[in-house]
Amino acid sequence: MATLASLKLVTAKKPATQSPVTQRRNKLSGNIQEQILLAKALSDGSTYTPTRTKTIKNPDGERVQVSQTKRIKPWWFTTDAGKVCIQIRYGAKVIELSKGKSAIEVTNPTALIEALEAVNAAVLAGELDAQIQLVSQRGRDGNTK
């Protein structure tokens, strides 16, 4: 009982749903975390192969769960000048980080990881909510611009 007395106990109720803004932030943050893990694996010389569980029907007609590797494409590319540019994506759409600018330029793999971590912190702080909302709305409306 002495252990419980040292903790701060409160009355709390878990919310039934999250707001759409929070859901979009969490989705983008999770994808950025995967990109960070991919970048770290590439800089170490190893491979990053996350798995996902999928339910399929086997030849007998029974539904079984199978682990499959998840395909992750890197969000960065190398320019002609030898610099690495990162484009932050929400789904298949590129997020415009500033007016007319959609990429972050870095010089080396360490800076790539640091830039991705900084963007993730900005997403969790809500700094990109307007851009995420815009890209998300475009996807639902079917507009390309």
# chains A, B, ... in the order shown; residues from 1 in each chain; ligands from 1
call {"tool": "residues_around", "arguments": {"residues": "Leu128 of chain A", "least_positions_apart": "4", "cutoff": "9 Å", "atoms": "only C-alpha atoms", "output": "number ranges by chain"}}
result
A: 25, 95, 97, 119, 122-124, 132-133
call {"tool": "select_by_dssp", "arguments": {"residues": "chain A", "states": "strand (DSSP E)", "output": "ChimeraX atom specification"}}
result
/A:51-57,63-69,76-78,84-86,89-90,93-94,104-106
call {"tool": "write_last_selection", "arguments": {"atoms": "C-alpha atoms", "output": "compact mmCIF listing (two decimals), in the first residue's frame"}}
result
# COMPACT_ATOMS: atom_id res chain seq x y z
CA THR A 51 6.24 -6.57 -40.89
CA ARG A 52 2.48 -6.30 -40.78
CA THR A 53 -0.13 -8.90 -39.96
CA LYS A 54 -2.58 -9.75 -42.70
CA THR A 55 -5.58 -12.07 -42.57
CA ILE A 56 -5.91 -14.35 -45.61
CA LYS A 57 -7.79 -17.52 -46.51
CA ARG A 63 -8.96 -17.44 -42.27
CA VAL A 64 -5.42 -17.30 -40.90
CA GLN A 65 -3.12 -14.45 -39.93
CA VAL A 66 0.18 -14.18 -41.79
CA SER A 67 3.11 -11.81 -41.25
CA GLN A 68 4.26 -10.04 -44.38
CA THR A 69 7.05 -7.57 -44.92
CA TRP A 76 14.57 11.33 -49.80
CA PHE A 77 16.55 11.52 -53.02
CA THR A 78 19.96 12.77 -54.13
CA VAL A 84 20.04 14.92 -50.21
CA CYS A 85 16.50 16.33 -50.33
CA ILE A 86 13.65 15.06 -48.15
CA ARG A 89 4.54 12.88 -47.54
CA TYR A 90 1.04 12.42 -46.21
CA LYS A 93 0.88 13.63 -51.51
CA VAL A 94 3.90 15.82 -50.75
CA ILE A 104 14.44 19.90 -46.96
CA GLU A 105 18.06 19.84 -48.16
CA VAL A 106 20.70 18.07 -46.04
call {"tool": "closest_atom_pairs", "arguments": {"of": "segment 48-135 of chain A", "to": "segment 38-41 of chain A", "cutoff": "8 Å", "atoms": "only C-alpha atoms", "output": "CSV"}}
result
residue,atom,partner,partner_atom,distance
A:Tyr48,CA,A:Leu38,CA,5.6
A:Pro74,CA,A:Leu38,CA,7.5
A:Pro109,CA,A:Ala39,CA,7.2
A:Leu112,CA,A:Ala39,CA,7.4
A:Ile113,CA,A:Ala39,CA,6.4
